[in-house]
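Only one structure is covered here, and it is reproduced in the block below.
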Amino acid sequence: MPDPDLSFLPDLLNRTADLLRLSGANDFKAGAWNKAAVIVEQEGEGLRSRSSEADLKELPGIGSSLASELHTFLTEGILPQLIRLEEELPDSLIQWLDISGLGPKRAAKIHQKLDIDTLEQLQEALKDGRVAALPGFGETSAKKLLNSLAWMEGNSERCLLSEALDMKEWLREELEDTPGLQRLEFAGSLRRSRESIGDLDILAVTSGSDTDLHRRFVRLDQVAEVLVSGDTKSSVRLQSGRQVDLRTVSENEFPAALIYFTGSKEHNVFLRSRAREKGLTLNEYGLYPLVEGEADRDHPLNAEDEAAVYAHLDLPWTPPELRESGYQSWIQSDRLPVQVNEEDLKGILHAHSTWSDGTHTLEEMARACMDLGYQYLGITDHSQSAVYANGLTPDRVEAQWKEIETLNQRFQDEGMDFRIFKGIESDIKRDGSLDYEDDLLTGFDFVIASLHNHFDLEKPEQQERVEKALQHPATTLMGHPTARLVLRRPGVKLDMDAVIRLAARQGVGIELNATAERMELDWKWGPLAREVGLLTAVCPDAHRIEHIPHAGRFGIPMARKGGFEPDRILNTLSATDFLKRVTG
Ligand code: DGT
Ligand code: CA
Ligand code: CA
Ligand code: ZN
């Protein structure tokens with residue numbers, strides 16, 4: 001078999017630790033698996049050279065049983081303990097781990113004390129006070145859990161954009177060489193680059209009969225269930241639980257169908273009423289004249305592509321990302337934003353290295369940015385309060401600055417047009433202050449201020465905290481503004497309208513965090529951001545070199561969706577201009 005992919009191993013080890021705790025194992029035993037995750041992460045590819053259990057046991061903190069597990073992983077790609085736990089523990093109990101704010105230890109406690117193991121039973125016990133009565137829980141915490149549970153259930157049928165994009169690539173590969181296939185497009189929320197996706201919608205045109213394509217589609221090896229199987233429409237559920245719809249239309253119908261199935265529903269409603277104003281009617285098959293209130297189906301208007309349909313409606317072709325409610329006025333007034341492209345990004349901001357909780361060294365991160373064609377890396381390791389993430393004490397900040405200067409000199413000597421900027425991701429402390437004395441803060445080229453704790457504060461207090469951080473003269477950008485996690489956790493309570501206006505007045509940017517779980521500043525704020533001239537930066541929040549391309553893959557669609565033009569995105573500036581802008 002091929003060498004197992006080591007990049008999954010730390011996650012698998014942490015997962016084993018969680019499941020051990022869930023099964024009631026003591027913290028000491030489970031903690032060893034978390035420590036192993038850290039060690040494995042540090043070893044990286046070097047782990048492969050430890051070909052025997054004895055070699056593995058030489059690693060600090062790795063005892064005989066972990067060495068044996070790791071050895072099995074290196075040779076067979078599995079962790080036997082993890083598989084055992086997944087078999088032993090009821091699936092319904094494992095689902096409890098997805099509830100934000102519960103955690104495996106507390107989940108185990110509820111499970112054992114109340115002898116329940118499904119989400120429904122948990123919900124009941126949260127409602128009727130049995131959980132609240134358990135030592136260490138109480139009413140507030142039961143209420144919070146009930147809220148997370150309700151929130152999670154409302155979102156469980158959806159997946160992240162990142163997962164949907166992977167699926168899209170796989171499906172395209174599986175289907176694209178079907179004989180007779182002429183066009184294949186992914187429509188729906190995926191084409192609009194929403195941060196979460198319900199189901200995938202594929203639209204296709206074939207030259208002959210559509211049966212081959214539909215047949216191939218419902219027989220794909222990842223299909224778990226065929227929901228609809230027809231000659232123009234089929235629909236399947238994949239093993240991952242995701243639903244995929246496939247529709248075939250004729251070449252002539254394709255432009256109108258693509259618009260219809262791209263949506264959004266609100267955008268479709270807008271287009272249809274626009275058509276009516278022009279004496280036309282629009283549906284998923286085409287655009288027709290209205291004659292005495294009826295569609296004249298024998299005389300469809302010619303439209304060879306989407307742009308032609310929009311042109312018949314006297315509208316500019318609208319990028320799919322902007323086909324949401326909230327953008328009608330831009331579309332009608334012809335004020336569509338210039339779309340930013342990956343090539344517009346000149347540098348990477350917001351990245352972590354082994355100085356804090358990143359996997360790769362500063363030099364590795366910098367060289368990876370260089371290889372991708374960027375001019376600079378604004379490194380932002382965590383600040384001192386983030387002890388869990390190995391945040392930098394003032395001494396270590398100064399030591400990192402020395403390393404940055406050394407590396408910049410080295411790049412220059414090598415004739416590389418590349419530099420590292422001194423940044424920091426400063427925790428916003430509970431009182432809204434930043435995480436270092438002002439003297440030290442002024443030494444950074446730029447500062448990202450982020451919320452990493454006290455998510456439960458009430459709105460006025462949270463607002464005051466954030467406004468104070470935004471007004472600190474050292475703050476360049478606010479990181480992931482509400483600390484939401486897509487499909488997992490709603491953001492903190494904030495008056496974002498006021499935050500955006502204040503940031504714009506202060507000349508402080510709010511980042512577009514391109515981590516698939518974060519994806520904020522939310523695009524819904526795009527119109528206000530544009531009105532007040534809010535600045536941003538498209539940031540990967542990279543914790544390893546593989547995350548750097550997220551700036552392009554998820555961040556650029558997000559910027560387009562928010563209507564951010566290149567001139568409001570700080571990392572479209574050249575290295576020199578960026579430095580001038582943020583320090584000037
Ligand atoms: P999703 O799947 O929940 O992430 O969101 P969408 O937007 O992909 O929604 P979906 O899959 O239900 O439908 C795909 C597109 O088809 C949708 O964006 C617009 C169009 N569509 C579906 N149902 C309706 C409808 O009842 N009215 C209108 N106007 N359009 C619809
Ligand atoms: Ca969909
Ligand atoms: Ca659908
Ligand atoms: Zn970060």
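Naming scheme: A, B, ... for chains in displayed order of the structure tokens; residues 1 onward per chain; ligands 1 onward as shown.
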
Contacts of A:Lys168 at 12 Å or less, counting only C-alpha atoms, minus same-chain residues fewer than 6 places along, as a PDB file with all heavy atoms, in the first residue's frame?
ATOM      1  N   LEU A 161     -18.046  24.779   2.632  1.00  0.00           N
ATOM      2  CA  LEU A 161     -17.663  25.003   1.237  1.00  0.00           C
ATOM      3  C   LEU A 161     -16.463  24.137   0.852  1.00  0.00           C
ATOM      4  O   LEU A 161     -16.406  23.597  -0.253  1.00  0.00           O
ATOM      5  CB  LEU A 161     -17.338  26.489   1.031  1.00  0.00           C
ATOM      6  CG  LEU A 161     -16.842  26.893  -0.348  1.00  0.00           C
ATOM      7  CD1 LEU A 161     -17.898  26.641  -1.415  1.00  0.00           C
ATOM      8  CD2 LEU A 161     -16.428  28.368  -0.362  1.00  0.00           C
ATOM      9  N   SER A 162     -15.511  23.985   1.766  1.00  0.00           N
ATOM     10  CA  SER A 162     -14.307  23.209   1.455  1.00  0.00           C
ATOM     11  C   SER A 162     -14.667  21.771   1.092  1.00  0.00           C
ATOM     12  O   SER A 162     -14.155  21.218   0.119  1.00  0.00           O
ATOM     13  CB  SER A 162     -13.339  23.220   2.638  1.00  0.00           C
ATOM     14  OG  SER A 162     -14.007  22.866   3.827  1.00  0.00           O
ATOM     15  N   GLU A 174     -15.144  12.055 -12.258  1.00  0.00           N
ATOM     16  CA  GLU A 174     -15.888  10.815 -12.523  1.00  0.00           C
ATOM     17  C   GLU A 174     -16.793  10.941 -13.745  1.00  0.00           C
ATOM     18  O   GLU A 174     -17.060   9.960 -14.430  1.00  0.00           O
ATOM     19  CB  GLU A 174     -16.764  10.452 -11.319  1.00  0.00           C
ATOM     20  CG  GLU A 174     -16.001  10.055 -10.069  1.00  0.00           C
ATOM     21  CD  GLU A 174     -15.393   8.661 -10.182  1.00  0.00           C
ATOM     22  OE1 GLU A 174     -15.953   7.825 -10.921  1.00  0.00           O
ATOM     23  OE2 GLU A 174     -14.351   8.423  -9.535  1.00  0.00           O
ATOM     24  N   LEU A 175     -17.312  12.145 -13.981  1.00  0.00           N
ATOM     25  CA  LEU A 175     -18.344  12.282 -15.007  1.00  0.00           C
ATOM     26  C   LEU A 175     -17.856  12.853 -16.326  1.00  0.00           C
ATOM     27  O   LEU A 175     -18.502  12.685 -17.353  1.00  0.00           O
ATOM     28  CB  LEU A 175     -19.493  13.168 -14.483  1.00  0.00           C
ATOM     29  CG  LEU A 175     -20.253  12.645 -13.258  1.00  0.00           C
ATOM     30  CD1 LEU A 175     -21.261  13.686 -12.776  1.00  0.00           C
ATOM     31  CD2 LEU A 175     -20.964  11.322 -13.567  1.00  0.00           C
ATOM     32  N   GLU A 176     -16.694  13.536 -16.323  1.00  0.00           N
ATOM     33  CA  GLU A 176     -16.409  14.372 -17.486  1.00  0.00           C
ATOM     34  C   GLU A 176     -16.100  13.601 -18.768  1.00  0.00           C
ATOM     35  O   GLU A 176     -16.259  14.149 -19.845  1.00  0.00           O
ATOM     36  CB  GLU A 176     -15.328  15.418 -17.186  1.00  0.00           C
ATOM     37  CG  GLU A 176     -13.936  14.889 -17.051  1.00  0.00           C
ATOM     38  CD  GLU A 176     -12.983  15.978 -16.558  1.00  0.00           C
ATOM     39  OE1 GLU A 176     -13.393  17.164 -16.548  1.00  0.00           O
ATOM     40  OE2 GLU A 176     -11.859  15.641 -16.190  1.00  0.00           O
ATOM     41  N   LEU A 184     -20.942  20.629 -18.393  1.00  0.00           N
ATOM     42  CA  LEU A 184     -21.223  20.185 -17.027  1.00  0.00           C
ATOM     43  C   LEU A 184     -20.886  21.347 -16.110  1.00  0.00           C
ATOM     44  O   LEU A 184     -19.740  21.800 -16.074  1.00  0.00           O
ATOM     45  CB  LEU A 184     -20.361  18.965 -16.683  1.00  0.00           C
ATOM     46  CG  LEU A 184     -20.613  18.338 -15.319  1.00  0.00           C
ATOM     47  CD1 LEU A 184     -21.772  17.366 -15.380  1.00  0.00           C
ATOM     48  CD2 LEU A 184     -19.377  17.615 -14.819  1.00  0.00           C
ATOM     49  N   GLU A 185     -21.881  21.890 -15.423  1.00  0.00           N
ATOM     50  CA  GLU A 185     -21.616  23.012 -14.513  1.00  0.00           C
ATOM     51  C   GLU A 185     -22.203  22.706 -13.148  1.00  0.00           C
ATOM     52  O   GLU A 185     -23.273  22.107 -13.044  1.00  0.00           O
ATOM     53  CB  GLU A 185     -22.284  24.307 -15.023  1.00  0.00           C
ATOM     54  CG  GLU A 185     -21.708  24.890 -16.283  1.00  0.00           C
ATOM     55  CD  GLU A 185     -20.344  25.552 -16.083  1.00  0.00           C
ATOM     56  OE1 GLU A 185     -19.947  25.780 -14.918  1.00  0.00           O
ATOM     57  OE2 GLU A 185     -19.691  25.828 -17.114  1.00  0.00           O
ATOM     58  N   PHE A 186     -21.512  23.163 -12.115  1.00  0.00           N
ATOM     59  CA  PHE A 186     -22.060  23.068 -10.765  1.00  0.00           C
ATOM     60  C   PHE A 186     -22.774  24.375 -10.477  1.00  0.00           C
ATOM     61  O   PHE A 186     -22.165  25.438 -10.573  1.00  0.00           O
ATOM     62  CB  PHE A 186     -20.950  22.797  -9.754  1.00  0.00           C
ATOM     63  CG  PHE A 186     -20.453  21.382  -9.845  1.00  0.00           C
ATOM     64  CD1 PHE A 186     -19.594  20.995 -10.854  1.00  0.00           C
ATOM     65  CD2 PHE A 186     -20.895  20.435  -8.937  1.00  0.00           C
ATOM     66  CE1 PHE A 186     -19.166  19.681 -10.964  1.00  0.00           C
ATOM     67  CE2 PHE A 186     -20.467  19.122  -9.023  1.00  0.00           C
ATOM     68  CZ  PHE A 186     -19.603  18.734 -10.041  1.00  0.00           C
ATOM     69  N   ALA A 187     -24.055  24.292 -10.149  1.00  0.00           N
ATOM     70  CA  ALA A 187     -24.845  25.498  -9.907  1.00  0.00           C
ATOM     71  C   ALA A 187     -25.098  25.635  -8.403  1.00  0.00           C
ATOM     72  O   ALA A 187     -24.245  25.276  -7.594  1.00  0.00           O
ATOM     73  CB  ALA A 187     -26.139  25.410 -10.710  1.00  0.00           C
ATOM     74  N   LEU A 190     -23.137  26.317  -4.231  1.00  0.00           N
ATOM     75  CA  LEU A 190     -21.705  26.109  -4.455  1.00  0.00           C
ATOM     76  C   LEU A 190     -21.176  27.111  -5.482  1.00  0.00           C
ATOM     77  O   LEU A 190     -20.131  27.728  -5.293  1.00  0.00           O
ATOM     78  CB  LEU A 190     -21.453  24.674  -4.928  1.00  0.00           C
ATOM     79  CG  LEU A 190     -20.023  24.309  -5.283  1.00  0.00           C
ATOM     80  CD1 LEU A 190     -19.077  24.559  -4.115  1.00  0.00           C
ATOM     81  CD2 LEU A 190     -19.925  22.842  -5.690  1.00  0.00           C
ATOM     82  N   ARG A 191     -21.926  27.306  -6.572  1.00  0.00           N
ATOM     83  CA  ARG A 191     -21.478  28.278  -7.586  1.00  0.00           C
ATOM     84  C   ARG A 191     -21.499  29.682  -7.001  1.00  0.00           C
ATOM     85  O   ARG A 191     -20.702  30.537  -7.399  1.00  0.00           O
ATOM     86  CB  ARG A 191     -22.369  28.189  -8.828  1.00  0.00           C
ATOM     87  CG  ARG A 191     -21.911  29.110  -9.966  1.00  0.00           C
ATOM     88  CD  ARG A 191     -22.465  28.674 -11.303  1.00  0.00           C
ATOM     89  NE  ARG A 191     -21.973  29.528 -12.370  1.00  0.00           N
ATOM     90  CZ  ARG A 191     -22.746  30.359 -13.101  1.00  0.00           C
ATOM     91  NH1 ARG A 191     -24.056  30.415 -12.882  1.00  0.00           N
ATOM     92  NH2 ARG A 191     -22.211  31.108 -14.044  1.00  0.00           N
ATOM     93  N   ILE A 197     -23.039  24.593   2.392  1.00  0.00           N
ATOM     94  CA  ILE A 197     -23.749  24.087   1.219  1.00  0.00           C
ATOM     95  C   ILE A 197     -24.727  23.014   1.655  1.00  0.00           C
ATOM     96  O   ILE A 197     -24.353  22.097   2.401  1.00  0.00           O
ATOM     97  CB  ILE A 197     -22.724  23.445   0.228  1.00  0.00           C
ATOM     98  CG1 ILE A 197     -21.557  24.397  -0.082  1.00  0.00           C
ATOM     99  CG2 ILE A 197     -23.422  22.963  -1.048  1.00  0.00           C
ATOM    100  CD1 ILE A 197     -21.916  25.632  -0.853  1.00  0.00           C
ATOM    101  N   ASP A 199     -27.117  21.002  -0.680  1.00  0.00           N
ATOM    102  CA  ASP A 199     -26.833  19.914  -1.611  1.00  0.00           C
ATOM    103  C   ASP A 199     -26.130  20.476  -2.842  1.00  0.00           C
ATOM    104  O   ASP A 199     -26.065  21.688  -3.030  1.00  0.00           O
ATOM    105  CB  ASP A 199     -28.111  19.162  -2.005  1.00  0.00           C
ATOM    106  CG  ASP A 199     -29.093  20.041  -2.774  1.00  0.00           C
ATOM    107  OD1 ASP A 199     -28.762  21.203  -3.074  1.00  0.00           O
ATOM    108  OD2 ASP A 199     -30.185  19.556  -3.085  1.00  0.00           O
ATOM    109  N   LEU A 200     -25.571  19.577  -3.644  1.00  0.00           N
ATOM    110  CA  LEU A 200     -24.888  20.004  -4.869  1.00  0.00           C
ATOM    111  C   LEU A 200     -25.866  19.906  -6.030  1.00  0.00           C
ATOM    112  O   LEU A 200     -26.644  18.952  -6.100  1.00  0.00           O
ATOM    113  CB  LEU A 200     -23.670  19.116  -5.138  1.00  0.00           C
ATOM    114  CG  LEU A 200     -22.357  19.609  -4.525  1.00  0.00           C
ATOM    115  CD1 LEU A 200     -22.420  19.492  -3.023  1.00  0.00           C
ATOM    116  CD2 LEU A 200     -21.177  18.828  -5.068  1.00  0.00           C
ATOM    117  N   ASP A 201     -25.808  20.876  -6.917  1.00  0.00           N
ATOM    118  CA  ASP A 201     -26.705  20.899  -8.070  1.00  0.00           C
ATOM    119  C   ASP A 201     -25.866  20.907  -9.338  1.00  0.00           C
ATOM    120  O   ASP A 201     -25.118  21.851  -9.568  1.00  0.00           O
ATOM    121  CB  ASP A 201     -27.569  22.166  -8.023  1.00  0.00           C
ATOM    122  CG  ASP A 201     -28.344  22.268  -6.716  1.00  0.00           C
ATOM    123  OD1 ASP A 201     -29.376  21.611  -6.602  1.00  0.00           O
ATOM    124  OD2 ASP A 201     -27.894  22.993  -5.803  1.00  0.00           O
ATOM    125  N   ILE A 202     -25.985  19.834 -10.120  1.00  0.00           N
ATOM    126  CA  ILE A 202     -25.214  19.759 -11.370  1.00  0.00           C
ATOM    127  C   ILE A 202     -26.164  19.949 -12.543  1.00  0.00           C
ATOM    128  O   ILE A 202     -27.268  19.402 -12.548  1.00  0.00           O
ATOM    129  CB  ILE A 202     -24.510  18.397 -11.514  1.00  0.00           C
ATOM    130  CG1 ILE A 202     -23.696  18.071 -10.261  1.00  0.00           C
ATOM    131  CG2 ILE A 202     -23.612  18.371 -12.745  1.00  0.00           C
ATOM    132  CD1 ILE A 202     -23.001  16.718 -10.327  1.00  0.00           C
ATOM    133  N   ARG A 242     -24.112  13.585   1.901  1.00  0.00           N
ATOM    134  CA  ARG A 242     -24.480  14.714   1.043  1.00  0.00           C
ATOM    135  C   ARG A 242     -25.365  14.284  -0.112  1.00  0.00           C
ATOM    136  O   ARG A 242     -25.172  13.209  -0.677  1.00  0.00           O
ATOM    137  CB  ARG A 242     -23.216  15.366   0.459  1.00  0.00           C
ATOM    138  CG  ARG A 242     -22.292  15.941   1.483  1.00  0.00           C
ATOM    139  CD  ARG A 242     -22.641  17.372   1.814  1.00  0.00           C
ATOM    140  NE  ARG A 242     -23.745  17.493   2.746  1.00  0.00           N
ATOM    141  CZ  ARG A 242     -23.654  17.298   4.050  1.00  0.00           C
ATOM    142  NH1 ARG A 242     -22.531  16.925   4.591  1.00  0.00           N
ATOM    143  NH2 ARG A 242     -24.714  17.452   4.828  1.00  0.00           N
ATOM    144  N   VAL A 244     -26.749  14.987  -3.977  1.00  0.00           N
ATOM    145  CA  VAL A 244     -26.347  15.624  -5.233  1.00  0.00           C
ATOM    146  C   VAL A 244     -27.470  15.458  -6.243  1.00  0.00           C
ATOM    147  O   VAL A 244     -27.981  14.354  -6.425  1.00  0.00           O
ATOM    148  CB  VAL A 244     -25.057  14.993  -5.819  1.00  0.00           C
ATOM    149  CG1 VAL A 244     -24.532  15.838  -6.973  1.00  0.00           C
ATOM    150  CG2 VAL A 244     -23.984  14.824  -4.760  1.00  0.00           C
TER     151      VAL A 244
END

Subject >> Contacts of A:Phe411 at 12 Å (only C-alpha atoms; same-chain gap of 4+ positions) as a list in words >> reply: Glu363, Ala366, Arg367, Met370, Gln375, Tyr376, Ile404, Glu405, Thr406, Leu407, Gly415, Met416, Asp417, Phe418, Arg419 and Ile420 of chain A

Take the selection from the previous step and output its residues with C-alpha atoms, as a compact mmCIF listing (two decimals), in the first residue's frame.
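Writing the result to out.txt gives the following:
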# COMPACT_ATOMS: atom_id res chain seq x y z
CA GLU A 363 11.65 29.94 7.22
CA ALA A 366 8.32 32.09 4.14
CA ARG A 367 9.78 29.84 1.45
CA MET A 370 7.86 32.55 -2.07
CA GLN A 375 6.28 39.03 -2.29
CA TYR A 376 5.89 38.94 1.46
CA ILE A 404 13.09 37.75 10.90
CA GLU A 405 15.94 40.19 10.30
CA THR A 406 18.39 37.34 9.74
CA LEU A 407 16.05 35.63 7.29
CA GLY A 415 18.73 37.69 -4.64
CA MET A 416 15.14 36.88 -3.67
CA ASP A 417 12.68 39.74 -3.84
CA PHE A 418 10.88 38.63 -0.69
CA ARG A 419 10.52 39.78 2.89
CA ILE A 420 8.91 38.82 6.16

**OP:** Quick one: everything within 10 Å of stretch 482-493 of chain A, counting only C-alpha atoms, minus sequence neighbours fewer than 2 positions away in the same chain. Send it as a count of residues only.
**Re:** 47

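If you look at atom CA of A:Arg530 and atom CA of A:Gly563, they are 7.2 Å away from each other.
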
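With only C-alpha atoms and all ligand atoms as the atoms that count, the minimum distance from ligand 3 to the choices A:Gly552, A:Pro320, A:Gly263, A:Gly526 is reached by A:Gly263.
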
**OP:** Please report, as a ChimeraX atom specification, each residue of stretch 225-424 of chain A to which DSSP assigns helix (DSSP H, G or I) when run on this structure's backbone.
**Re:** /A:254-262,265-277,306-312,320-322,328-332,342-344,362-371,387-389,394-413

Which of stretch 155-397 of chain A counts as strand (DSSP E or B) under DSSP, as a PDB file with C-alpha atoms, in the first residue's frame please?
ATOM      1  CA  CYS A 159     -21.451  20.982   4.866  1.00  0.00           C
ATOM      2  CA  LEU A 160     -18.592  23.453   4.578  1.00  0.00           C
ATOM      3  CA  LEU A 181     -21.218  15.039 -22.578  1.00  0.00           C
ATOM      4  CA  GLN A 182     -20.983  18.635 -23.823  1.00  0.00           C
ATOM      5  CA  ARG A 183     -21.324  20.787 -20.741  1.00  0.00           C
ATOM      6  CA  LEU A 184     -21.223  20.185 -17.027  1.00  0.00           C
ATOM      7  CA  GLU A 185     -21.616  23.012 -14.513  1.00  0.00           C
ATOM      8  CA  PHE A 186     -22.060  23.068 -10.765  1.00  0.00           C
ATOM      9  CA  SER A 196     -22.044  26.293   3.773  1.00  0.00           C
ATOM     10  CA  ILE A 197     -23.749  24.087   1.219  1.00  0.00           C
ATOM     11  CA  LEU A 200     -24.888  20.004  -4.869  1.00  0.00           C
ATOM     12  CA  ASP A 201     -26.705  20.899  -8.070  1.00  0.00           C
ATOM     13  CA  ILE A 202     -25.214  19.759 -11.370  1.00  0.00           C
ATOM     14  CA  LEU A 203     -26.492  20.946 -14.713  1.00  0.00           C
ATOM     15  CA  ALA A 204     -25.421  19.199 -17.910  1.00  0.00           C
ATOM     16  CA  VAL A 205     -25.940  19.116 -21.659  1.00  0.00           C
ATOM     17  CA  THR A 206     -25.283  15.991 -23.727  1.00  0.00           C
ATOM     18  CA  VAL A 223     -23.512   6.587  -3.854  1.00  0.00           C
ATOM     19  CA  ALA A 224     -25.283   5.250  -0.772  1.00  0.00           C
ATOM     20  CA  GLU A 225     -28.855   5.753  -1.917  1.00  0.00           C
ATOM     21  CA  VAL A 226     -30.583   6.683  -5.173  1.00  0.00           C
ATOM     22  CA  LEU A 227     -33.385   9.146  -4.418  1.00  0.00           C
ATOM     23  CA  VAL A 228     -34.547   9.873  -7.964  1.00  0.00           C
ATOM     24  CA  SER A 229     -33.528   8.071 -11.142  1.00  0.00           C
ATOM     25  CA  LYS A 233     -33.271  14.390 -13.416  1.00  0.00           C
ATOM     26  CA  SER A 234     -31.550  12.138 -10.933  1.00  0.00           C
ATOM     27  CA  SER A 235     -30.671  12.602  -7.346  1.00  0.00           C
ATOM     28  CA  VAL A 236     -28.447  10.612  -4.994  1.00  0.00           C
ATOM     29  CA  ARG A 237     -27.232  10.575  -1.437  1.00  0.00           C
ATOM     30  CA  LEU A 238     -23.510   9.885  -1.069  1.00  0.00           C
ATOM     31  CA  GLN A 243     -27.190  14.905  -1.592  1.00  0.00           C
ATOM     32  CA  VAL A 244     -26.347  15.624  -5.233  1.00  0.00           C
ATOM     33  CA  ASP A 245     -28.902  16.555  -7.901  1.00  0.00           C
ATOM     34  CA  LEU A 246     -28.173  16.159 -11.606  1.00  0.00           C
ATOM     35  CA  ARG A 247     -30.341  17.704 -14.306  1.00  0.00           C
ATOM     36  CA  THR A 248     -29.859  17.585 -18.054  1.00  0.00           C
ATOM     37  CA  LEU A 280     -41.229  38.985 -20.745  1.00  0.00           C
ATOM     38  CA  THR A 281     -41.360  35.871 -18.652  1.00  0.00           C
ATOM     39  CA  LEU A 282     -38.383  33.906 -17.377  1.00  0.00           C
ATOM     40  CA  LEU A 287     -37.057  33.750 -21.695  1.00  0.00           C
ATOM     41  CA  TYR A 288     -40.358  34.278 -23.558  1.00  0.00           C
ATOM     42  CA  PRO A 289     -42.517  37.222 -24.656  1.00  0.00           C
ATOM     43  CA  LEU A 290     -45.685  37.662 -22.627  1.00  0.00           C
ATOM     44  CA  VAL A 291     -48.674  37.721 -24.927  1.00  0.00           C
ATOM     45  CA  GLU A 294     -49.278  34.107 -21.258  1.00  0.00           C
ATOM     46  CA  ALA A 295     -45.781  32.980 -22.176  1.00  0.00           C
ATOM     47  CA  GLY A 347       1.429  38.884  -0.036  1.00  0.00           C
ATOM     48  CA  ILE A 348       0.244  36.604   2.744  1.00  0.00           C
ATOM     49  CA  LEU A 349      -0.880  38.039   6.067  1.00  0.00           C
ATOM     50  CA  ALA A 351       0.103  32.986   9.499  1.00  0.00           C
ATOM     51  CA  TYR A 376       5.889  38.939   1.455  1.00  0.00           C
ATOM     52  CA  LEU A 377       4.729  37.069   4.524  1.00  0.00           C
ATOM     53  CA  GLY A 378       3.297  38.994   7.455  1.00  0.00           C
ATOM     54  CA  ILE A 379       3.867  36.451  10.202  1.00  0.00           C
ATOM     55  CA  THR A 380       1.426  36.708  13.114  1.00  0.00           C
ATOM     56  CA  ASP A 381       2.104  34.194  15.843  1.00  0.00           C
ATOM     57  CA  HIS A 382      -0.055  34.224  18.960  1.00  0.00           C
ATOM     58  CA  SER A 383       0.504  36.717  21.785  1.00  0.00           C
ATOM     59  CA  LEU A 392       5.063  34.779  22.546  1.00  0.00           C
TER      60      LEU A 392
END

**OP:** Quick one: everything within 12 Å of stretch 296-303 of chain A, counting only C-alpha atoms, minus sequence neighbours fewer than 6 positions away in the same chain. Send it as a PyMOL selection string.
**Re:** chain A and resi 251-257+259+275+279-283+285-290+309-313

With C-alpha atoms retained, export the selected residues as a PDB file, in the first residue's frame.
ATOM      1  CA  GLU A 251     -28.289  23.340 -25.370  1.00  0.00           C
ATOM      2  CA  ASN A 252     -30.881  26.110 -25.939  1.00  0.00           C
ATOM      3  CA  GLU A 253     -32.262  25.819 -22.448  1.00  0.00           C
ATOM      4  CA  PHE A 254     -28.870  25.825 -20.786  1.00  0.00           C
ATOM      5  CA  PRO A 255     -28.366  29.587 -20.157  1.00  0.00           C
ATOM      6  CA  ALA A 256     -31.754  30.109 -18.496  1.00  0.00           C
ATOM      7  CA  ALA A 257     -31.456  26.820 -16.633  1.00  0.00           C
ATOM      8  CA  ILE A 259     -29.340  31.052 -14.039  1.00  0.00           C
ATOM      9  CA  ALA A 275     -38.668  40.218 -16.863  1.00  0.00           C
ATOM     10  CA  GLY A 279     -43.084  42.290 -21.001  1.00  0.00           C
ATOM     11  CA  LEU A 280     -41.229  38.985 -20.745  1.00  0.00           C
ATOM     12  CA  THR A 281     -41.360  35.871 -18.652  1.00  0.00           C
ATOM     13  CA  LEU A 282     -38.383  33.906 -17.377  1.00  0.00           C
ATOM     14  CA  ASN A 283     -38.348  30.328 -16.188  1.00  0.00           C
ATOM     15  CA  TYR A 285     -36.166  26.782 -19.747  1.00  0.00           C
ATOM     16  CA  GLY A 286     -35.856  30.219 -21.259  1.00  0.00           C
ATOM     17  CA  LEU A 287     -37.057  33.750 -21.695  1.00  0.00           C
ATOM     18  CA  TYR A 288     -40.358  34.278 -23.558  1.00  0.00           C
ATOM     19  CA  PRO A 289     -42.517  37.222 -24.656  1.00  0.00           C
ATOM     20  CA  LEU A 290     -45.685  37.662 -22.627  1.00  0.00           C
ATOM     21  CA  VAL A 309     -30.269  36.649 -20.735  1.00  0.00           C
ATOM     22  CA  TYR A 310     -29.224  39.455 -18.395  1.00  0.00           C
ATOM     23  CA  ALA A 311     -28.857  41.784 -21.404  1.00  0.00           C
ATOM     24  CA  HIS A 312     -32.472  41.125 -22.443  1.00  0.00           C
ATOM     25  CA  LEU A 313     -33.413  42.311 -18.953  1.00  0.00           C
TER      26      LEU A 313
END

Original post:
Which of these, A:Asp177, A:Glu321, A:Asp115, A:Asp55, has the shortest distance to A:Arg560 once you count only C-alpha atoms?
Top reply: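 Closest residue, counting only C-alpha atoms: A:Glu321.
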
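Considering the residues A:Pro549, A:Gly198, A:Gly24, A:Gly63 and counting only C-alpha atoms, A:Leu85 has its shortest atom-to-atom contact with A:Gly24.
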
Would you kindly return, as a PDB file with C-alpha atoms, in the first residue's frame, each protein, DNA or RNA residue with an atom no farther than 10 Å from any atom of A:Arg50, considering only C-alpha atoms and excluding same-chain residues fewer than 6 positions away?
ATOM      1  CA  LEU A  56       9.223   5.023  17.954  1.00  0.00           C
ATOM      2  CA  LYS A  57       9.532   4.389  21.686  1.00  0.00           C
ATOM      3  CA  GLU A  58      12.579   6.650  21.755  1.00  0.00           C
ATOM      4  CA  LEU A  59      10.307   9.631  21.160  1.00  0.00           C
ATOM      5  CA  LEU A  70       2.081   4.376  15.562  1.00  0.00           C
ATOM      6  CA  HIS A  71       3.933   1.494  14.010  1.00  0.00           C
ATOM      7  CA  LEU A  74       3.014   3.714   9.496  1.00  0.00           C
TER       8      LEU A  74
END

Original post:
Neighbours of A:Pro394 within 8 Å (only C-alpha atoms; same-chain residues fewer than 6 positions away dropped), as an MDAnalysis selection string?
Top reply: chainID A and resid 384 436 440

**OP:** Pick out the residues sitting within 7 Å of A:Asn14, and hand them over as a list of chain:residue names; count only C-alpha atoms, and ignore anything fewer than 5 positions along from it in its own chain.
**Re:**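 Final neighbour list, sorted by chain and number: A:Trp33, A:Asn34, A:Ala37.
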